[in-house]
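Everything below concerns the one structure shown next.
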Amino acid sequence: MTFGHSFKAFRMFRLTLKAVCVSTSIACSSWLMESHHFSLSGRTLDLCKVDMPFGIGLSVAPRGSDGALGAKVQLGHVGLFFMPNRSAPQEYDYHARIAALNQDGLSCDEQHLNGSQFMTPSGDPTRDLSIHRFCEWAAGNFASVAEVKTGLSTVRIIADPVSGGKDHHYVVRDGTGAALLVEATDGRLRLFDDFNDGGQSGFGVVTNSPRFDVQMTAARRCVNTTMPAPGGWHSQDRFQRLAMVKSALPQPKDLQSAVAQTFAVMSTVSAPEGRQRGQDWIGEFTVAGFVCDH
């Protein structure tokens with residue numbers, strides 16, 4: 001994949017973004033499609049109005065620019081970040097945080113996960129990686145999930161030292177269809193492979209709480225019944241609905257059909273405004289959605 005193709009994929013996102021302001025990733029869904037010939041993933045961003053004071057920005061990080069941990073960017077990437085308010089320092093770093101996609105088709109998504117506890121800082125600024133710089137670090141340095149797994153041994157993923165933010169988990173995907181979910185409990189990383197293989201390792205789906213292993217246990221039980229897909233907006237409902245809906249789609253004939261299918265799946269987990277029943281947070285709704293071409 002070329003950087004140009006990656007940028008075009010994020011242009012799809014820009015067409016679907018509503019005029020909103022955001023400050024933190026709350027209820028979000030992400031998934032990899034089932035196509036044998038196209039590697040497409042989708043993502044929604046769900047927030048409450050009280051969590052939307054500033055805005056969303058699109059960043060571009062060329063090779064050789066300044067990156068995470070004081071290193072230079074090895075792979076050009078585009079990403080999404082939360083816009084600063086007027087009181088932010090002039091040296092505010094407009095780096096990829098919410099999501100990123102690099103020139104080799106590797107993507108990263110930040111999603112909410114209650115009760116996360118990341119690693120204890122070592123005091124070494126070249127190793128202590130804030131969770132809010134994780135997607136920038138992954139997209140800026142690695143071409144594959146396997147490379148990210150190796151790279152994780154060289155850093156310590158810590159709560160953000162400025163905001164104290166810690167309640168997130170991260171999914172990294174590449175063009176082969178492989179995915180790596182990074183969670184943390186009790187100060188230790190928990191890594192889960194997801195090869196989108198019908199539930200053997202995963203369903204190619206990530207939502208929010210509870211932890212991925214708990215989500216998988218419930219999803220396997222649900223998918224193996226004849227019951228229809230759950231219809232609520234809770235994280236587990238969205239996880240199971242995505243797994244069931246996308247696996248039932250026919251194989252797309254061309255890229256246009258594949259993209260259309262990805263947006264169709266997105267519509268099944270896009271929450272409308274208002275006090276909808278069965279939500280993780282009262283008043284949350286989908287403010288943005290996008291498709292990535294890996």
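Each chain in the structure tokens gets a letter, A, B and so on, in the order shown; residues start at 1 in every chain, and ligands are counted from 1 in the order they appear.
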With only C-alpha atoms as the counted atoms, please give the residues lying no more than 8 Å from stretch 264-278 of chain A, apart from itself and same-chain residues fewer than 2 positions off, as a list in words.
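What passes the distance filter is Ser29, Gly42, Arg43, Thr44, Asp46, Gly232, Trp233, His234, Arg238, Arg241, Leu242, Val245, Lys246, Ala260, Gln261, Thr262, Asp280, Ile282, Gly283, Glu284, Phe285, Thr286 and Gly289 of chain A.
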Using only C-alpha atoms, which protein or nucleic acid residues come within 9 Å of A:Val155? Drop anything in the same chain fewer than 6 positions from it, and give the result as a compact mmCIF listing (two decimals) with N, CA and C atoms, in the first residue's frame.
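After the write, result-v4.txt holds the following:
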```txt
# COMPACT_ATOMS: atom_id res chain seq x y z
N THR A 126 13.06 7.99 26.92
CA THR A 126 13.14 7.30 25.64
C THR A 126 12.41 5.95 25.69
N ARG A 127 11.91 5.57 26.87
CA ARG A 127 11.19 4.30 27.02
C ARG A 127 9.77 4.46 27.52
N ASP A 128 9.51 5.48 28.33
CA ASP A 128 8.19 5.66 28.93
C ASP A 128 7.24 6.29 27.91
N LEU A 129 6.35 5.48 27.36
CA LEU A 129 5.45 5.91 26.29
C LEU A 129 4.05 6.15 26.84
```
Using 10 Å as the limit and counting only C-alpha atoms, can you tabulate each residue of stretch 203-279 of chain A that touches stretch 179-194 of chain A, with its shortest atom-to-atom distance in Å and the two atoms involved, as JSON lines?
```
{"residue": "A:Phe203", "atom": "CA", "partner": "A:Asp194", "partner_atom": "CA", "distance": 7.0}
{"residue": "A:Gly204", "atom": "CA", "partner": "A:Asp194", "partner_atom": "CA", "distance": 6.2}
{"residue": "A:Val205", "atom": "CA", "partner": "A:Asp194", "partner_atom": "CA", "distance": 8.5}
{"residue": "A:Val206", "atom": "CA", "partner": "A:Leu181", "partner_atom": "CA", "distance": 8.3}
{"residue": "A:Arg211", "atom": "CA", "partner": "A:Glu183", "partner_atom": "CA", "distance": 7.9}
{"residue": "A:Phe212", "atom": "CA", "partner": "A:Phe192", "partner_atom": "CA", "distance": 7.9}
{"residue": "A:Asp213", "atom": "CA", "partner": "A:Phe192", "partner_atom": "CA", "distance": 8.3}
```
Selected residues, all heavy atoms, written as a short mmCIF file (atom, residue, chain, number, x, y, z; two decimals), in the first residue's frame, please.
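Result written to part.cif:
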```cif
data_model
loop_
_atom_site.label_atom_id
_atom_site.label_comp_id
_atom_site.auth_asym_id
_atom_site.auth_seq_id
_atom_site.Cartn_x
_atom_site.Cartn_y
_atom_site.Cartn_z
N PHE A 203 -12.99 -12.22 16.42
CA PHE A 203 -13.99 -11.97 15.38
C PHE A 203 -13.64 -10.73 14.55
O PHE A 203 -14.47 -10.25 13.78
CB PHE A 203 -15.37 -11.79 16.00
CG PHE A 203 -15.94 -13.04 16.62
CD1 PHE A 203 -15.85 -13.26 17.99
CD2 PHE A 203 -16.56 -13.99 15.83
CE1 PHE A 203 -16.37 -14.40 18.57
CE2 PHE A 203 -17.09 -15.15 16.40
CZ PHE A 203 -17.00 -15.36 17.77
N GLY A 204 -12.44 -10.18 14.74
CA GLY A 204 -12.10 -8.96 14.04
C GLY A 204 -12.86 -7.77 14.55
O GLY A 204 -13.10 -6.81 13.82
N VAL A 205 -13.24 -7.80 15.85
CA VAL A 205 -14.09 -6.76 16.44
C VAL A 205 -13.49 -6.29 17.76
O VAL A 205 -13.01 -7.11 18.56
CB VAL A 205 -15.52 -7.29 16.70
CG1 VAL A 205 -16.35 -6.26 17.46
CG2 VAL A 205 -16.20 -7.65 15.39
N VAL A 206 -13.53 -4.98 18.01
CA VAL A 206 -13.16 -4.41 19.30
C VAL A 206 -14.19 -3.34 19.64
O VAL A 206 -14.52 -2.51 18.80
CB VAL A 206 -11.75 -3.78 19.28
CG1 VAL A 206 -11.44 -3.14 20.63
CG2 VAL A 206 -10.69 -4.83 18.95
N ARG A 211 -13.20 -6.54 29.41
CA ARG A 211 -11.95 -6.91 28.75
C ARG A 211 -12.22 -7.81 27.54
O ARG A 211 -13.25 -8.46 27.43
CB ARG A 211 -11.03 -7.65 29.72
CG ARG A 211 -10.66 -6.89 30.97
CD ARG A 211 -9.62 -7.70 31.75
NE ARG A 211 -9.91 -9.12 31.80
CZ ARG A 211 -10.57 -9.72 32.79
NH1 ARG A 211 -11.01 -9.03 33.81
NH2 ARG A 211 -10.78 -11.03 32.74
N PHE A 212 -11.24 -7.86 26.64
CA PHE A 212 -11.39 -8.61 25.40
C PHE A 212 -11.68 -10.08 25.64
O PHE A 212 -12.54 -10.68 24.95
CB PHE A 212 -10.13 -8.45 24.55
CG PHE A 212 -10.22 -9.12 23.20
CD1 PHE A 212 -11.01 -8.57 22.21
CD2 PHE A 212 -9.50 -10.27 22.93
CE1 PHE A 212 -11.09 -9.17 20.95
CE2 PHE A 212 -9.57 -10.87 21.68
CZ PHE A 212 -10.37 -10.32 20.69
N ASP A 213 -11.01 -10.71 26.61
CA ASP A 213 -11.24 -12.14 26.83
C ASP A 213 -12.66 -12.40 27.31
O ASP A 213 -13.29 -13.41 26.93
CB ASP A 213 -10.21 -12.72 27.81
CG ASP A 213 -10.14 -11.97 29.13
OD1 ASP A 213 -10.56 -10.79 29.18
OD2 ASP A 213 -9.64 -12.54 30.11
#
```
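As for atom CA of A:Arg97 and atom CA of A:Gly175, they are spaced 20.5 Å apart.
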Could you name the residues that touch A:Val78 at 6 Å or less, counting only C-alpha atoms, but leaving out those on the same chain fewer than 5 positions away, as a ChimeraX atom specification?
/A:59-60,100-101
Just-selected residues, all heavy atoms written as a PDB file, in the first residue's frame:
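Wrote it out as part.pdb, contents follow:
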```
ATOM      1  N   SER A  59      -4.118  15.006  11.356  1.00  0.00           N
ATOM      2  CA  SER A  59      -2.683  15.290  11.322  1.00  0.00           C
ATOM      3  C   SER A  59      -2.004  14.477  10.232  1.00  0.00           C
ATOM      4  O   SER A  59      -2.456  13.388   9.872  1.00  0.00           O
ATOM      5  CB  SER A  59      -2.039  14.970  12.676  1.00  0.00           C
ATOM      6  OG  SER A  59      -2.090  13.574  12.938  1.00  0.00           O
ATOM      7  N   VAL A  60      -0.922  15.004   9.694  1.00  0.00           N
ATOM      8  CA  VAL A  60      -0.089  14.310   8.716  1.00  0.00           C
ATOM      9  C   VAL A  60       1.343  14.340   9.237  1.00  0.00           C
ATOM     10  O   VAL A  60       1.887  15.407   9.525  1.00  0.00           O
ATOM     11  CB  VAL A  60      -0.155  14.967   7.326  1.00  0.00           C
ATOM     12  CG1 VAL A  60       0.766  14.238   6.350  1.00  0.00           C
ATOM     13  CG2 VAL A  60      -1.586  14.974   6.802  1.00  0.00           C
ATOM     14  N   ALA A 100      -4.788   6.201  13.739  1.00  0.00           N
ATOM     15  CA  ALA A 100      -3.700   6.478  12.792  1.00  0.00           C
ATOM     16  C   ALA A 100      -3.680   5.403  11.723  1.00  0.00           C
ATOM     17  O   ALA A 100      -4.116   4.264  11.945  1.00  0.00           O
ATOM     18  CB  ALA A 100      -2.355   6.539  13.512  1.00  0.00           C
ATOM     19  N   LEU A 101      -3.157   5.765  10.546  1.00  0.00           N
ATOM     20  CA  LEU A 101      -2.975   4.826   9.436  1.00  0.00           C
ATOM     21  C   LEU A 101      -1.700   5.226   8.715  1.00  0.00           C
ATOM     22  O   LEU A 101      -1.553   6.383   8.313  1.00  0.00           O
ATOM     23  CB  LEU A 101      -4.166   4.891   8.483  1.00  0.00           C
ATOM     24  CG  LEU A 101      -4.109   3.999   7.234  1.00  0.00           C
ATOM     25  CD1 LEU A 101      -4.170   2.521   7.622  1.00  0.00           C
ATOM     26  CD2 LEU A 101      -5.245   4.340   6.276  1.00  0.00           C
TER      27      LEU A 101
END
```
Quick one: DSSP strand (DSSP E) residues in stretch 36-78 of chain A, as a PDB file with N, CA, C and O atoms, in the first residue's frame?
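Written out: part_25.pdb:
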```
ATOM      1  N   LEU A  40     -10.239  -3.991   4.491  1.00  0.00           N
ATOM      2  CA  LEU A  40     -10.887  -2.772   4.952  1.00  0.00           C
ATOM      3  C   LEU A  40     -11.319  -2.922   6.401  1.00  0.00           C
ATOM      4  O   LEU A  40     -11.785  -3.981   6.821  1.00  0.00           O
ATOM      5  N   SER A  41     -11.158  -1.849   7.153  1.00  0.00           N
ATOM      6  CA  SER A  41     -11.665  -1.815   8.525  1.00  0.00           C
ATOM      7  C   SER A  41     -12.533  -0.583   8.701  1.00  0.00           C
ATOM      8  O   SER A  41     -12.407   0.397   7.961  1.00  0.00           O
ATOM      9  N   GLY A  42     -13.422  -0.646   9.671  1.00  0.00           N
ATOM     10  CA  GLY A  42     -14.300   0.480   9.975  1.00  0.00           C
ATOM     11  C   GLY A  42     -14.182   0.879  11.427  1.00  0.00           C
ATOM     12  O   GLY A  42     -13.706   0.103  12.270  1.00  0.00           O
ATOM     13  N   ARG A  43     -14.627   2.081  11.721  1.00  0.00           N
ATOM     14  CA  ARG A  43     -14.525   2.614  13.088  1.00  0.00           C
ATOM     15  C   ARG A  43     -15.610   3.656  13.320  1.00  0.00           C
ATOM     16  O   ARG A  43     -15.912   4.451  12.438  1.00  0.00           O
ATOM     17  N   THR A  44     -16.225   3.636  14.491  1.00  0.00           N
ATOM     18  CA  THR A  44     -17.106   4.719  14.916  1.00  0.00           C
ATOM     19  C   THR A  44     -16.493   5.402  16.134  1.00  0.00           C
ATOM     20  O   THR A  44     -15.703   4.805  16.872  1.00  0.00           O
ATOM     21  N   LEU A  45     -16.888   6.645  16.337  1.00  0.00           N
ATOM     22  CA  LEU A  45     -16.475   7.408  17.509  1.00  0.00           C
ATOM     23  C   LEU A  45     -17.745   7.899  18.181  1.00  0.00           C
ATOM     24  O   LEU A  45     -18.491   8.700  17.607  1.00  0.00           O
ATOM     25  N   ASP A  46     -18.024   7.387  19.377  1.00  0.00           N
ATOM     26  CA  ASP A  46     -19.246   7.722  20.112  1.00  0.00           C
ATOM     27  C   ASP A  46     -18.893   8.521  21.357  1.00  0.00           C
ATOM     28  O   ASP A  46     -18.009   8.119  22.123  1.00  0.00           O
ATOM     29  N   LEU A  47     -19.594   9.629  21.578  1.00  0.00           N
ATOM     30  CA  LEU A  47     -19.302  10.524  22.689  1.00  0.00           C
ATOM     31  C   LEU A  47     -20.582  11.105  23.266  1.00  0.00           C
ATOM     32  O   LEU A  47     -21.647  11.036  22.640  1.00  0.00           O
ATOM     33  N   ILE A  56     -12.036  17.854  16.563  1.00  0.00           N
ATOM     34  CA  ILE A  56     -11.188  16.796  16.029  1.00  0.00           C
ATOM     35  C   ILE A  56     -10.335  17.373  14.924  1.00  0.00           C
ATOM     36  O   ILE A  56     -10.811  18.133  14.092  1.00  0.00           O
ATOM     37  N   GLY A  57      -9.059  17.021  14.901  1.00  0.00           N
ATOM     38  CA  GLY A  57      -8.166  17.459  13.836  1.00  0.00           C
ATOM     39  C   GLY A  57      -7.569  16.284  13.104  1.00  0.00           C
ATOM     40  O   GLY A  57      -7.482  15.177  13.638  1.00  0.00           O
ATOM     41  N   LEU A  58      -7.164  16.507  11.869  1.00  0.00           N
ATOM     42  CA  LEU A  58      -6.487  15.512  11.048  1.00  0.00           C
ATOM     43  C   LEU A  58      -5.017  15.895  10.940  1.00  0.00           C
ATOM     44  O   LEU A  58      -4.695  16.998  10.504  1.00  0.00           O
ATOM     45  N   SER A  59      -4.118  15.006  11.356  1.00  0.00           N
ATOM     46  CA  SER A  59      -2.683  15.290  11.322  1.00  0.00           C
ATOM     47  C   SER A  59      -2.004  14.477  10.232  1.00  0.00           C
ATOM     48  O   SER A  59      -2.456  13.388   9.872  1.00  0.00           O
ATOM     49  N   VAL A  60      -0.922  15.004   9.694  1.00  0.00           N
ATOM     50  CA  VAL A  60      -0.089  14.310   8.716  1.00  0.00           C
ATOM     51  C   VAL A  60       1.343  14.340   9.237  1.00  0.00           C
ATOM     52  O   VAL A  60       1.887  15.407   9.525  1.00  0.00           O
ATOM     53  N   ALA A  61       1.966  13.168   9.388  1.00  0.00           N
ATOM     54  CA  ALA A  61       3.339  13.068   9.900  1.00  0.00           C
ATOM     55  C   ALA A  61       4.230  12.461   8.830  1.00  0.00           C
ATOM     56  O   ALA A  61       4.221  11.243   8.610  1.00  0.00           O
ATOM     57  N   HIS A  77       2.449   8.847   8.203  1.00  0.00           N
ATOM     58  CA  HIS A  77       1.108   8.431   8.600  1.00  0.00           C
ATOM     59  C   HIS A  77       0.182   9.628   8.753  1.00  0.00           C
ATOM     60  O   HIS A  77       0.625  10.764   8.911  1.00  0.00           O
ATOM     61  N   VAL A  78      -1.106   9.340   8.681  1.00  0.00           N
ATOM     62  CA  VAL A  78      -2.133  10.325   8.981  1.00  0.00           C
ATOM     63  C   VAL A  78      -2.839   9.876  10.248  1.00  0.00           C
ATOM     64  O   VAL A  78      -2.843   8.684  10.589  1.00  0.00           O
TER      65      VAL A  78
END
```
Option closest in space to A:Ser35, from A:Gly231, A:Ala288, A:Ala139, A:Pro252 [counting only C-alpha atoms]
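Looking only at the distances to A:Ser35, the closest residue turns out to be A:Pro252.
Proximity ranking of A:Thr176, A:Asn208, A:Ser39, A:Gln279 relative to A:Gly115 places A:Asn208 first, based on only C-alpha atoms.
Using only C-alpha atoms, the shortest contact distance between A:Arg220 and any of A:Ser107, A:Gln240, A:Gln256, A:Ser247 is found at A:Gln240.
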